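Structure data (mmCIF, C-alpha atoms) from final.cif:
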```cif
data_target
loop_
_atom_site.label_atom_id
_atom_site.label_comp_id
_atom_site.auth_asym_id
_atom_site.auth_seq_id
_atom_site.Cartn_x
_atom_site.Cartn_y
_atom_site.Cartn_z
CA MET A 1 -16.33 122.70 59.43
CA ALA A 2 -19.45 123.38 57.38
CA THR A 3 -18.17 126.79 56.33
CA THR A 4 -14.82 125.42 55.21
CA LEU A 5 -16.65 122.77 53.20
CA HIS A 6 -18.81 125.47 51.63
CA SER A 7 -15.85 127.67 50.77
CA LEU A 8 -14.05 124.64 49.37
CA LEU A 9 -17.06 123.87 47.16
CA ASP A 10 -17.23 127.51 46.11
CA GLN A 11 -13.57 127.45 45.14
CA LEU A 12 -14.20 124.24 43.21
CA ARG A 13 -17.10 125.84 41.35
CA GLU A 14 -14.81 128.64 40.17
CA THR A 15 -12.38 126.19 38.56
CA ARG A 16 -12.23 125.73 34.83
CA ALA A 17 -12.97 121.98 35.04
CA TRP A 18 -16.18 122.54 37.02
CA LYS A 19 -17.35 125.21 34.60
CA SER A 20 -16.56 122.95 31.68
CA VAL A 21 -18.61 120.04 33.13
CA PHE A 22 -21.56 121.99 34.55
CA ARG A 23 -21.48 124.83 32.01
CA ARG A 24 -21.60 127.49 34.75
CA GLY A 25 -19.90 128.69 37.90
CA PRO A 26 -21.39 128.98 41.39
CA ALA A 27 -25.15 129.53 41.57
CA ARG A 28 -25.57 132.41 43.99
CA THR A 29 -28.90 133.87 42.89
CA ASN A 30 -32.27 132.22 42.28
CA ARG A 31 -31.84 132.86 38.59
CA THR A 32 -28.47 131.10 38.34
CA ARG A 33 -29.77 128.32 40.57
CA SER A 34 -32.69 127.61 38.25
CA LEU A 35 -30.34 127.86 35.26
CA ALA A 36 -28.15 125.22 36.93
CA VAL A 37 -31.19 122.92 37.15
CA PHE A 38 -32.32 123.61 33.57
CA GLY A 39 -28.83 123.10 32.19
CA ASN A 40 -28.33 119.66 33.72
CA LEU A 41 -29.58 116.63 31.79
CA PHE A 42 -30.36 114.72 34.98
CA LEU A 43 -32.12 117.62 36.70
CA HIS A 44 -33.80 119.50 33.89
CA TRP A 45 -37.11 117.69 34.30
CA MET A 46 -37.15 118.27 38.02
CA PRO A 47 -38.96 121.26 39.50
CA VAL A 48 -36.79 124.32 40.04
CA LYS A 49 -38.81 125.27 43.09
CA VAL A 50 -40.75 123.03 45.45
CA ARG A 51 -43.27 124.13 48.03
CA GLU A 52 -42.17 123.16 51.51
CA LYS A 53 -45.47 121.50 52.34
CA SER A 54 -45.24 119.17 49.35
CA LEU A 55 -41.99 117.87 50.83
CA ALA A 56 -43.68 117.15 54.17
CA VAL A 57 -43.92 113.46 54.98
CA ARG A 58 -47.71 113.48 55.08
CA ALA A 59 -47.92 114.98 51.59
CA SER A 60 -46.92 111.68 50.02
CA TYR A 61 -45.43 109.46 52.74
CA TYR A 62 -42.73 109.18 50.03
CA LEU A 63 -44.55 106.12 48.70
CA GLY A 64 -43.83 106.98 45.07
CA SER A 65 -40.19 107.84 45.77
CA ILE A 66 -39.69 104.60 47.69
CA SER A 67 -41.25 102.66 44.79
CA PHE A 68 -38.76 104.35 42.46
CA LEU A 69 -35.82 103.63 44.77
CA LEU A 70 -36.90 99.99 44.91
CA PHE A 71 -37.03 99.96 41.12
CA ILE A 72 -33.44 101.26 41.00
CA ALA A 73 -32.39 98.64 43.58
CA LEU A 74 -34.12 95.96 41.51
CA THR A 75 -32.30 97.14 38.39
CA ILE A 76 -28.91 96.96 40.11
CA THR A 77 -29.48 93.58 41.82
CA GLY A 78 -31.11 92.23 38.66
CA ILE A 79 -28.14 93.16 36.47
CA LEU A 80 -25.80 91.50 38.98
CA LEU A 81 -27.92 88.31 39.03
CA MET A 82 -27.80 88.21 35.23
CA PHE A 83 -24.05 87.51 35.39
CA TYR A 84 -24.77 84.06 36.87
CA TYR A 85 -28.08 83.14 35.22
CA HIS A 86 -28.70 81.21 31.99
CA PRO A 87 -32.31 81.33 30.79
CA ALA A 88 -32.21 77.69 29.66
CA VAL A 89 -33.69 74.39 30.78
CA PRO A 90 -32.53 72.91 33.16
CA GLN A 91 -29.61 75.30 33.72
CA ALA A 92 -31.87 78.07 35.07
CA TYR A 93 -32.85 76.07 38.16
CA ARG A 94 -29.22 75.06 38.80
CA ASP A 95 -28.08 78.67 38.47
CA MET A 96 -30.70 79.73 40.97
CA LYS A 97 -29.44 77.03 43.38
CA ASP A 98 -25.84 78.11 42.71
CA LEU A 99 -26.75 81.68 43.54
CA ARG A 100 -28.16 80.50 46.84
CA PHE A 101 -25.45 78.07 47.91
CA VAL A 102 -22.27 78.55 45.87
CA VAL A 103 -21.85 82.13 44.67
CA SER A 104 -20.39 84.57 47.22
CA ASN A 105 -23.17 86.82 48.50
CA GLY A 106 -25.44 85.35 45.86
CA VAL A 107 -28.11 84.50 48.38
CA PHE A 108 -28.10 88.11 49.56
CA LEU A 109 -28.55 89.43 46.03
CA ARG A 110 -31.25 86.94 45.13
CA ASN A 111 -33.24 87.62 48.27
CA ALA A 112 -32.74 91.37 47.94
CA HIS A 113 -34.10 91.19 44.40
CA ARG A 114 -37.02 88.97 45.39
CA LEU A 115 -38.02 90.91 48.50
CA ALA A 116 -37.58 94.30 46.82
CA ALA A 117 -39.87 93.09 44.03
CA GLN A 118 -42.56 92.06 46.49
CA LEU A 119 -42.13 95.28 48.43
CA MET A 120 -42.35 97.31 45.22
CA VAL A 121 -45.71 95.76 44.29
CA LEU A 122 -46.99 96.58 47.78
CA LEU A 123 -45.67 100.15 47.69
CA VAL A 124 -46.99 100.86 44.21
CA PHE A 125 -50.45 99.83 45.43
CA LEU A 126 -50.12 101.94 48.58
CA HIS A 127 -48.93 104.89 46.46
CA MET A 128 -51.98 104.49 44.23
CA PHE A 129 -54.37 104.27 47.18
CA HIS A 130 -52.80 107.39 48.65
CA VAL A 131 -53.08 109.30 45.37
CA PHE A 132 -56.65 108.07 44.92
CA TYR A 133 -57.87 109.10 48.36
CA ARG A 134 -56.11 112.45 48.01
CA GLY A 135 -57.97 113.06 44.75
CA GLY A 136 -54.66 113.16 42.91
CA TYR A 137 -56.36 111.79 39.79
CA LYS A 138 -58.45 114.95 39.32
CA PRO A 139 -57.63 117.62 36.73
CA PRO A 140 -54.96 118.55 35.81
CA HIS A 141 -53.50 115.21 36.98
CA GLU A 142 -55.78 112.89 34.97
CA PHE A 143 -53.16 111.95 32.39
CA ASN A 144 -50.55 111.26 35.04
CA TRP A 145 -53.04 108.97 36.78
CA VAL A 146 -53.32 107.02 33.51
CA VAL A 147 -49.51 106.86 33.28
CA GLY A 148 -49.56 105.59 36.87
CA VAL A 149 -52.02 102.82 35.95
CA ILE A 150 -49.69 101.80 33.08
CA LEU A 151 -46.78 101.75 35.56
CA LEU A 152 -48.84 99.55 37.91
CA LEU A 153 -49.45 97.09 35.06
CA VAL A 154 -45.75 97.15 34.08
CA THR A 155 -44.83 96.48 37.72
CA LEU A 156 -47.22 93.52 37.85
CA PHE A 157 -45.95 92.13 34.52
CA LEU A 158 -42.34 92.51 35.71
CA SER A 159 -43.26 90.65 38.87
CA TYR A 160 -45.06 87.92 36.92
CA THR A 161 -42.32 87.39 34.30
CA GLY A 162 -39.69 87.27 37.05
CA TYR A 163 -41.73 84.60 38.82
CA LEU A 164 -40.92 82.02 36.12
CA LEU A 165 -37.16 82.55 36.10
CA PRO A 166 -36.18 80.32 39.10
CA TRP A 167 -37.71 77.47 37.06
CA ASP A 168 -38.98 75.55 40.08
CA GLN A 169 -42.37 73.89 40.63
CA LEU A 170 -43.89 77.08 42.03
CA ALA A 171 -42.79 79.02 38.94
CA PHE A 172 -43.95 76.35 36.49
CA TRP A 173 -47.45 76.02 37.93
CA ALA A 174 -47.90 79.74 38.55
CA ILE A 175 -47.20 80.43 34.88
CA THR A 176 -49.28 77.42 33.74
CA VAL A 177 -52.28 78.63 35.73
CA GLY A 178 -51.73 82.31 34.88
CA THR A 179 -51.44 81.77 31.15
CA ASN A 180 -54.51 79.50 31.24
CA ILE A 181 -56.41 82.39 32.79
CA MET A 182 -55.20 84.47 29.82
CA SER A 183 -56.43 81.87 27.32
CA ALA A 184 -59.96 82.32 28.71
CA MET A 185 -59.94 85.68 26.88
CA PRO A 186 -62.49 85.55 24.05
CA VAL A 187 -61.31 85.01 20.45
CA ILE A 188 -57.59 85.84 20.87
CA GLY A 189 -56.97 84.10 24.23
CA GLY A 190 -55.60 80.81 22.91
CA LYS A 191 -53.39 82.46 20.28
CA LEU A 192 -52.09 84.96 22.82
CA ARG A 193 -51.09 82.18 25.22
CA PHE A 194 -49.38 80.23 22.43
CA THR A 195 -47.45 83.32 21.30
CA LEU A 196 -46.43 84.35 24.81
CA LEU A 197 -45.24 80.85 25.73
CA GLY A 198 -43.86 80.05 22.29
CA GLY A 199 -45.62 76.68 22.53
CA ASN A 200 -48.47 74.79 24.14
CA LEU A 201 -46.61 74.12 27.37
CA VAL A 202 -44.48 76.17 29.74
CA GLY A 203 -41.15 75.05 28.29
CA GLU A 204 -37.78 76.43 27.26
CA ASN A 205 -39.31 78.88 24.77
CA ALA A 206 -41.51 80.27 27.52
CA LEU A 207 -38.53 80.65 29.87
CA LEU A 208 -36.51 82.54 27.26
CA ARG A 209 -39.44 84.77 26.31
CA PHE A 210 -40.22 85.63 29.91
CA TYR A 211 -36.52 86.33 30.50
CA VAL A 212 -36.27 88.77 27.59
CA LEU A 213 -39.49 90.49 28.67
CA HIS A 214 -38.25 90.63 32.27
CA VAL A 215 -34.74 91.99 31.68
CA VAL A 216 -35.14 94.13 28.54
CA VAL A 217 -38.62 94.95 27.28
CA LEU A 218 -40.53 95.68 30.48
CA PRO A 219 -37.71 97.61 32.26
CA LEU A 220 -37.34 99.85 29.19
CA ILE A 221 -41.09 100.52 29.18
CA ALA A 222 -40.94 101.15 32.92
CA PHE A 223 -38.04 103.63 32.57
CA LEU A 224 -39.87 105.48 29.80
CA PHE A 225 -43.12 105.81 31.72
CA ILE A 226 -41.36 106.65 35.00
CA GLY A 227 -39.71 109.53 33.12
CA ILE A 228 -43.06 110.75 31.80
CA HIS A 229 -44.63 110.28 35.25
CA PHE A 230 -42.05 112.40 37.10
CA TRP A 231 -41.96 115.04 34.40
CA ARG A 232 -45.75 115.38 34.48
CA VAL A 233 -45.79 115.75 38.27
CA GLN A 234 -43.79 118.92 37.76
CA LYS A 235 -45.67 120.14 34.67
CA ASP A 236 -49.04 119.61 36.35
CA GLY A 237 -48.01 121.87 39.20
CA GLY A 238 -46.42 119.56 41.72
CA LEU A 239 -48.01 117.19 44.18
CA THR A 240 -51.64 117.50 45.18
CA VAL A 241 -51.63 119.11 48.58
CA ARG A 242 -54.96 119.15 50.37
CA SER A 243 -56.36 122.59 51.04
CA LYS A 244 -56.56 121.56 54.69
CA ASP A 245 -52.77 121.32 54.68
CA ASP A 246 -52.50 124.86 53.37
CA GLY A 247 -53.65 126.09 56.77
CA LYS A 248 -51.93 125.70 60.11
CA GLU A 249 -51.12 122.01 59.78
CA MET B 1 -50.70 126.50 14.11
CA SER B 2 -52.87 129.49 14.99
CA ASP B 3 -51.27 131.60 12.27
CA PRO B 4 -54.20 133.47 10.64
CA LYS B 5 -52.44 133.40 7.25
CA GLN B 6 -52.89 129.64 7.15
CA GLN B 7 -56.65 129.82 7.48
CA PRO B 8 -57.59 130.57 3.85
CA HIS B 9 -55.23 127.88 2.58
CA ALA B 10 -56.75 125.26 4.91
CA SER B 11 -60.33 126.07 3.87
CA GLU B 12 -59.23 126.00 0.24
CA SER B 13 -57.85 122.50 0.56
CA GLU B 14 -61.00 121.39 2.40
CA GLN B 15 -63.07 122.60 -0.53
CA GLY B 16 -60.77 120.72 -2.85
CA HIS B 17 -61.38 117.52 -0.86
CA THR B 18 -65.16 117.77 -1.00
CA ALA B 19 -65.10 118.44 -4.72
CA GLY B 20 -62.74 115.51 -5.24
CA ALA B 21 -60.75 117.59 -7.70
CA GLY B 22 -58.13 120.29 -7.49
CA LYS B 23 -56.26 118.33 -4.86
CA SER B 24 -52.92 119.92 -4.11
CA ARG B 25 -49.69 118.05 -4.74
CA ARG B 26 -48.93 118.21 -1.02
CA ASP B 27 -52.25 116.54 -0.10
CA PHE B 28 -51.70 113.86 -2.69
CA LEU B 29 -48.17 113.09 -1.49
CA ASN B 30 -49.33 113.12 2.14
CA GLU B 31 -52.04 110.57 1.37
CA ILE B 32 -49.65 108.36 -0.59
CA THR B 33 -47.10 108.51 2.23
CA LEU B 34 -49.69 107.78 4.91
CA GLY B 35 -51.05 104.89 2.87
CA ALA B 36 -47.58 103.43 2.31
CA LEU B 37 -46.71 103.80 5.99
CA GLY B 38 -50.00 102.16 6.93
CA ILE B 39 -49.38 99.19 4.66
CA ALA B 40 -45.78 98.88 5.89
CA GLY B 41 -46.95 99.08 9.52
CA LEU B 42 -49.63 96.46 9.01
CA GLY B 43 -47.20 94.23 7.11
CA SER B 44 -44.52 94.45 9.77
CA THR B 45 -47.10 93.69 12.47
CA VAL B 46 -48.13 90.54 10.60
CA VAL B 47 -44.56 89.32 9.96
CA THR B 48 -43.58 90.08 13.57
CA TYR B 49 -46.54 88.04 14.79
CA GLN B 50 -45.47 85.21 12.46
CA PHE B 51 -41.92 85.48 13.81
CA PHE B 52 -43.23 84.98 17.35
CA SER B 53 -45.24 81.84 16.46
CA PRO B 54 -42.77 78.93 16.42
CA ASN B 55 -43.09 76.52 13.49
CA VAL B 56 -41.28 73.64 15.19
CA LEU B 57 -41.97 72.71 18.79
CA PHE B 58 -39.78 70.48 20.92
CA GLU B 59 -42.66 69.23 22.99
CA PRO B 60 -43.71 65.65 23.80
CA SER B 61 -45.52 64.01 20.89
CA MET B 62 -49.29 64.34 21.02
CA THR B 63 -49.76 60.77 19.76
CA PHE B 64 -48.34 57.90 21.76
CA ARG B 65 -48.53 54.13 22.20
CA ALA B 66 -49.98 53.02 25.52
CA GLY B 67 -48.95 49.36 25.40
CA THR B 68 -51.05 46.26 24.81
CA PRO B 69 -54.67 46.09 26.07
CA ASP B 70 -53.92 43.27 28.53
CA LEU B 71 -51.82 45.72 30.62
CA TYR B 72 -55.08 47.26 31.80
CA PRO B 73 -57.41 45.17 33.97
CA VAL B 74 -61.15 45.44 33.34
CA ASN B 75 -62.88 48.19 35.34
CA SER B 76 -59.64 50.12 36.00
CA VAL B 77 -58.35 53.67 35.65
CA SER B 78 -54.62 54.02 34.90
CA PHE B 79 -52.76 57.31 35.03
CA LEU B 80 -49.99 57.76 32.45
CA GLN B 81 -47.70 60.33 34.07
CA ASP B 82 -45.62 61.24 31.01
CA GLN B 83 -48.65 61.78 28.80
CA LEU B 84 -51.07 63.18 31.40
CA VAL B 85 -53.83 60.83 30.27
CA TYR B 86 -56.06 58.29 32.05
CA ILE B 87 -56.60 55.02 30.23
CA VAL B 88 -59.96 53.70 31.42
CA ARG B 89 -60.96 50.12 30.75
CA MET B 90 -64.59 49.22 31.32
CA THR B 91 -66.36 45.99 30.40
CA GLU B 92 -67.51 47.60 27.14
CA GLY B 93 -64.00 48.74 26.15
CA PHE B 94 -61.26 51.39 26.35
CA TYR B 95 -61.30 55.16 26.40
CA ALA B 96 -58.70 57.81 27.17
CA VAL B 97 -59.50 60.84 29.36
CA SER B 98 -57.30 63.94 29.69
CA ALA B 99 -55.70 64.36 33.11
CA VAL B 100 -55.33 68.13 32.67
CA CYS B 101 -58.02 70.06 34.52
CA THR B 102 -60.18 72.17 32.21
CA HIS B 103 -60.18 74.97 34.78
CA LEU B 104 -56.58 76.27 34.80
CA GLY B 105 -54.46 73.39 33.58
CA CYS B 106 -53.39 71.65 36.81
CA ILE B 107 -52.85 67.88 36.77
CA THR B 108 -55.73 65.94 38.30
CA GLN B 109 -55.39 62.81 40.43
CA TRP B 110 -57.37 59.59 40.32
CA LYS B 111 -58.89 58.80 43.73
CA PRO B 112 -59.91 55.13 43.61
CA GLU B 113 -61.42 55.23 47.11
CA ALA B 114 -63.90 57.93 46.04
CA ASP B 115 -64.15 56.75 42.43
CA THR B 116 -63.44 60.34 41.29
CA ILE B 117 -60.79 62.33 39.44
CA ALA B 118 -59.87 65.28 41.67
CA CYS B 119 -57.91 68.45 40.94
CA PRO B 120 -55.59 69.59 43.78
CA CYS B 121 -55.52 73.25 42.72
CA HIS B 122 -59.10 74.48 43.04
CA GLY B 123 -61.07 71.39 44.02
CA SER B 124 -62.77 70.36 40.79
CA LYS B 125 -64.02 66.75 40.82
CA PHE B 126 -64.89 64.56 37.87
CA LYS B 127 -66.30 61.09 37.31
CA ARG B 128 -64.01 58.59 35.61
CA ASP B 129 -65.62 59.41 32.27
CA GLY B 130 -64.66 63.08 32.71
CA ILE B 131 -68.12 64.41 33.61
CA LYS B 132 -67.80 67.19 36.22
CA ILE B 133 -69.20 66.46 39.67
CA GLU B 134 -68.28 69.75 41.33
CA GLY B 135 -65.84 72.65 41.34
CA PRO B 136 -64.90 75.55 39.09
CA ALA B 137 -64.00 73.53 35.95
CA PRO B 138 -66.05 74.92 33.05
CA ARG B 139 -66.03 71.78 30.87
CA PRO B 140 -65.80 68.01 31.32
CA LEU B 141 -62.40 66.39 30.80
CA PRO B 142 -62.06 65.67 27.07
CA HIS B 143 -61.81 62.14 25.66
CA PHE B 144 -59.00 61.38 23.20
CA SER B 145 -59.17 59.03 20.28
CA VAL B 146 -57.94 55.48 21.07
CA THR B 147 -57.21 53.02 18.26
CA LEU B 148 -55.35 49.77 17.92
CA THR B 149 -52.09 49.64 15.95
CA PRO B 150 -51.64 46.72 13.51
CA ASP B 151 -49.32 45.07 16.02
CA GLY B 152 -52.00 45.23 18.70
CA GLU B 153 -51.00 48.23 20.82
CA LEU B 154 -53.25 51.05 22.01
CA LEU B 155 -52.61 54.32 20.14
CA VAL B 156 -53.81 57.54 21.77
CA ASP B 157 -54.06 60.77 19.78
CA LYS B 158 -54.31 63.81 22.03
CA LEU B 159 -54.94 66.09 19.05
CA GLN B 160 -58.19 64.27 18.34
CA THR B 161 -60.92 64.67 20.92
CA VAL B 162 -63.85 62.31 20.56
CA LYS B 163 -67.36 61.99 22.02
CA SER B 164 -67.48 60.39 25.46
CA THR B 165 -69.72 57.66 24.08
CA GLN B 166 -66.98 56.46 21.71
CA VAL B 167 -65.27 53.37 23.15
CA LEU B 168 -62.62 51.06 21.70
CA LYS B 169 -64.19 47.55 21.91
CA ALA B 170 -61.89 45.28 23.89
#
```
Translate the structure described by the file into structure tokens.
Amino acid sequence: MATTLHSLLDQLRETRAWKSVFRRGPARTNRTRSLAVFGNLFLHWMPVKVREKSLAVRASYYLGSISFLLFIALTITGILLMFYYHPAVPQAYRDMKDLRFVVSNGVFLRNAHRLAAQLMVLLVFLHMFHVFYRGGYKPPHEFNWVVGVILLLVTLFLSYTGYLLPWDQLAFWAITVGTNIMSAMPVIGGKLRFTLLGGNLVGENALLRFYVLHVVVLPLIAFLFIGIHFWRVQKDGGLTVRSKDDGKE
Amino acid sequence: MSDPKQQPHASESEQGHTAGAGKSRRDFLNEITLGALGIAGLGSTVVTYQFFSPNVLFEPSMTFRAGTPDLYPVNSVSFLQDQLVYIVRMTEGFYAVSAVCTHLGCITQWKPEADTIACPCHGSKFKRDGIKIEGPAPRPLPHFSVTLTPDGELLVDKLQTVKSTQVLKA
């Protein structure tokens, strides 16, 4: 079964269409395999070779990968939710209620988005703790640690801006209190709050601003820095594997 | 970058800079371009900031009429829910106290049984004149200006904070 599948794939790789899409035929040697990785837009920033021990569960507990998968899940569920959501007062609250009680499978999508967001915050923190206690911030990984801190902040801002969108009492007061904390910042605090909310109160301007930040600005920043983050993992020589793990373990 | 042929040229231009003369055309154009880009960058930052500050707000008016004085019995505290203001009438007169906690902006509640204004969020407590009794609030609740309109109604201006000693004589 497996061999027939392999031979089928091999035959496919010899076809003109395959060669036209992937720019090469079957990769039978290490050289052609690495060329296949380099020549693919989606793979070219991935490592050509990975040490077996850096794929072991205990090397990372896959915390970073799971965070990324949650981010992808959040992107997909978020885009789907956008088809039923108007960032306007009071329509936003009604749309949220519609998603829960009227739209087919809306409650599943909404809860998937909400729970994945909470899980992502948790996993990003766990990932950072793991990297920290492994010494993954030490040279040559210092810059990638900084990128990671930026990604943590982006994750938290995404979480915070998304918090307002249901437009219920919890959202309103969370953003009122949160932006008042911001206005305690010296000199620029008050102006910053006014600009972020687009007013003195959490109103329709604030809802629209948080929506645009949540669905466009912050995800783009996140995608950019995730790209840099993954690329630097490879450029800095892969994951930090403890010298203890180099031995028998 | 590490091309040795470039070295003499670089030191030459450095000398030119220190002397202030003999600047090459390239250096001059680079400075002009950098300056122009800097001005354009600063300008676009300023206009973008202006763009993000709304000029018209559709928020409740900061000045409002609170009805005639006889609506408020002497020695009472009345909470105006739409305006988030307490109208306090004492024997010496009227004053208006903000109902928004100075800690993080939650709405406080008047507790007549304890004669205090209490915040449900983080437990700040104030006297009826806004002076803090306890809790995390950093400042007392501000007093707003209260005046009488010509037709005899109370007019509160939330944009104008006044000293807590200022009272509208009843």
Point-to-point distance in Å for atom CA of A:Pro90 and atom CA of A:Val103: 18.2 Å
Please evaluate the PyMOL selection byres ((chain B) within 8 of (chain A)) against the displayed coordinates and give the resulting residues as a short mmCIF file (atom, residue, chain, number, x, y, z; two decimals) with C-alpha atoms, keeping the file's coordinate frame.
```
data_model
loop_
_atom_site.label_atom_id
_atom_site.label_comp_id
_atom_site.auth_asym_id
_atom_site.auth_seq_id
_atom_site.Cartn_x
_atom_site.Cartn_y
_atom_site.Cartn_z
CA PHE B 52 -43.23 84.98 17.35
CA SER B 53 -45.24 81.84 16.46
CA PRO B 54 -42.77 78.93 16.42
CA LEU B 57 -41.97 72.71 18.79
CA GLU B 59 -42.66 69.23 22.99
CA LEU B 104 -56.58 76.27 34.80
CA GLY B 105 -54.46 73.39 33.58
CA CYS B 106 -53.39 71.65 36.81
#
```
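Straight-line separation from atom CA of B:Asp129 to atom CA of B:Leu84: 15.1 Å.
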Pairwise distance for atom CA of A:Glu14 and atom CA of A:Leu43, rounded to one decimal in Å: 20.8 Å
Test item: the PyMOL selection byres ((chain A and resi 62) around 12) resolved as a PyMOL selection string: chain A and resi 54-61+63-69+123-124+126-128+130-131+239
Could you list, as a short mmCIF file (atom, residue, chain, number, x, y, z; two decimals) with C-alpha atoms, keeping the file's coordinate frame, every residue matched by the PyMOL selection byres ((chain A and resi 150) around 12) in this structure?
```
data_model
loop_
_atom_site.label_atom_id
_atom_site.label_comp_id
_atom_site.auth_asym_id
_atom_site.auth_seq_id
_atom_site.Cartn_x
_atom_site.Cartn_y
_atom_site.Cartn_z
CA VAL A 124 -46.99 100.86 44.21
CA MET A 128 -51.98 104.49 44.23
CA PHE A 143 -53.16 111.95 32.39
CA ASN A 144 -50.55 111.26 35.04
CA TRP A 145 -53.04 108.97 36.78
CA VAL A 146 -53.32 107.02 33.51
CA VAL A 147 -49.51 106.86 33.28
CA GLY A 148 -49.56 105.59 36.87
CA VAL A 149 -52.02 102.82 35.95
CA LEU A 151 -46.78 101.75 35.56
CA LEU A 152 -48.84 99.55 37.91
CA LEU A 153 -49.45 97.09 35.06
CA VAL A 154 -45.75 97.15 34.08
CA THR A 155 -44.83 96.48 37.72
CA LEU A 156 -47.22 93.52 37.85
CA PHE A 157 -45.95 92.13 34.52
CA LEU A 218 -40.53 95.68 30.48
CA ILE A 221 -41.09 100.52 29.18
CA ALA A 222 -40.94 101.15 32.92
CA PHE A 223 -38.04 103.63 32.57
CA LEU A 224 -39.87 105.48 29.80
CA PHE A 225 -43.12 105.81 31.72
CA ILE A 226 -41.36 106.65 35.00
CA ILE A 228 -43.06 110.75 31.80
CA HIS A 229 -44.63 110.28 35.25
#
```
Nearby residues, (-56.2, 43.2, 33.1) file frame, 12 Å, only C-alpha atoms, as a PyMOL selection string: chain B and resi 68-78+88-91+93-94+170
Can I get the selection written as a CSV table (one decimal), keeping the file's coordinate frame, with C-alpha atoms?
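And here's part_20.csv as it stands now:
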```csv
chain,number,residue,atom,x,y,z
B,68,THR,CA,-51.0,46.3,24.8
B,69,PRO,CA,-54.7,46.1,26.1
B,70,ASP,CA,-53.9,43.3,28.5
B,71,LEU,CA,-51.8,45.7,30.6
B,72,TYR,CA,-55.1,47.3,31.8
B,73,PRO,CA,-57.4,45.2,34.0
B,74,VAL,CA,-61.2,45.4,33.3
B,75,ASN,CA,-62.9,48.2,35.3
B,76,SER,CA,-59.6,50.1,36.0
B,77,VAL,CA,-58.4,53.7,35.6
B,78,SER,CA,-54.6,54.0,34.9
B,88,VAL,CA,-60.0,53.7,31.4
B,89,ARG,CA,-61.0,50.1,30.8
B,90,MET,CA,-64.6,49.2,31.3
B,91,THR,CA,-66.4,46.0,30.4
B,93,GLY,CA,-64.0,48.7,26.2
B,94,PHE,CA,-61.3,51.4,26.4
B,170,ALA,CA,-61.9,45.3,23.9
```
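You can rank B:Val156, B:Val100, B:Ala40, B:Ala137 by their closest distance to B:Ile87 using all atoms listed in the file, and at the top of that list sits B:Val156.
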For A:Leu12: contacts at 9 Å, only C-alpha atoms, fewer than 5 positions along chain excluded, given as a VMD selection string: chain A and resid 7 17 to 18 25 to 26
All residues 9 Å or closer to A:Leu213, only C-alpha atoms, same chain fewer than 6 positions away omitted, as number ranges by chain: A: 157-158, 161-162, 219
Within 12 Å of B:Ala114 using all atoms listed in the file, minus same-chain residues under 2 positions, as a compact mmCIF listing (two decimals) with C-alpha atoms, in the frame of the given file:
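Listing of around.txt after writing:
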```txt
# COMPACT_ATOMS: atom_id res chain seq x y z
CA GLN B 109 -55.39 62.81 40.43
CA TRP B 110 -57.37 59.59 40.32
CA LYS B 111 -58.89 58.80 43.73
CA PRO B 112 -59.91 55.13 43.61
CA THR B 116 -63.44 60.34 41.29
CA ILE B 117 -60.79 62.33 39.44
CA ALA B 118 -59.87 65.28 41.67
CA LYS B 125 -64.02 66.75 40.82
CA PHE B 126 -64.89 64.56 37.87
CA LYS B 127 -66.30 61.09 37.31
CA ARG B 128 -64.01 58.59 35.61
CA ILE B 133 -69.20 66.46 39.67
```
Cut-off 10 Å around (-47.8, 49.4, 24.7) with all atoms listed in the file: residues as number ranges by chain: B: 64-71, 149, 151-155
Is it possible to add N, CA and C atoms to stretch 222-230 of chain A and hand it back as a PDB file, keeping the file's coordinate frame?
```
ATOM      1  N   ALA A 222     -40.814 100.562  31.584  1.00  0.00           N
ATOM      2  CA  ALA A 222     -40.940 101.150  32.920  1.00  0.00           C
ATOM      3  C   ALA A 222     -40.131 102.448  32.999  1.00  0.00           C
ATOM      4  N   PHE A 223     -38.876 102.432  32.514  1.00  0.00           N
ATOM      5  CA  PHE A 223     -38.040 103.630  32.570  1.00  0.00           C
ATOM      6  C   PHE A 223     -38.705 104.779  31.800  1.00  0.00           C
ATOM      7  N   LEU A 224     -39.222 104.466  30.621  1.00  0.00           N
ATOM      8  CA  LEU A 224     -39.870 105.480  29.800  1.00  0.00           C
ATOM      9  C   LEU A 224     -41.044 106.123  30.540  1.00  0.00           C
ATOM     10  N   PHE A 225     -41.921 105.269  31.086  1.00  0.00           N
ATOM     11  CA  PHE A 225     -43.120 105.810  31.720  1.00  0.00           C
ATOM     12  C   PHE A 225     -42.815 106.455  33.063  1.00  0.00           C
ATOM     13  N   ILE A 226     -41.773 105.979  33.763  1.00  0.00           N
ATOM     14  CA  ILE A 226     -41.360 106.650  35.000  1.00  0.00           C
ATOM     15  C   ILE A 226     -40.906 108.075  34.673  1.00  0.00           C
ATOM     16  N   GLY A 227     -40.145 108.206  33.553  1.00  0.00           N
ATOM     17  CA  GLY A 227     -39.710 109.530  33.120  1.00  0.00           C
ATOM     18  C   GLY A 227     -40.880 110.455  32.861  1.00  0.00           C
ATOM     19  N   ILE A 228     -41.871 109.946  32.104  1.00  0.00           N
ATOM     20  CA  ILE A 228     -43.060 110.750  31.800  1.00  0.00           C
ATOM     21  C   ILE A 228     -43.793 111.096  33.097  1.00  0.00           C
ATOM     22  N   HIS A 229     -43.898 110.118  33.991  1.00  0.00           N
ATOM     23  CA  HIS A 229     -44.630 110.280  35.250  1.00  0.00           C
ATOM     24  C   HIS A 229     -44.035 111.416  36.087  1.00  0.00           C
ATOM     25  N   PHE A 230     -42.707 111.381  36.262  1.00  0.00           N
ATOM     26  CA  PHE A 230     -42.050 112.400  37.100  1.00  0.00           C
ATOM     27  C   PHE A 230     -42.142 113.775  36.445  1.00  0.00           C
TER      28      PHE A 230
END
```
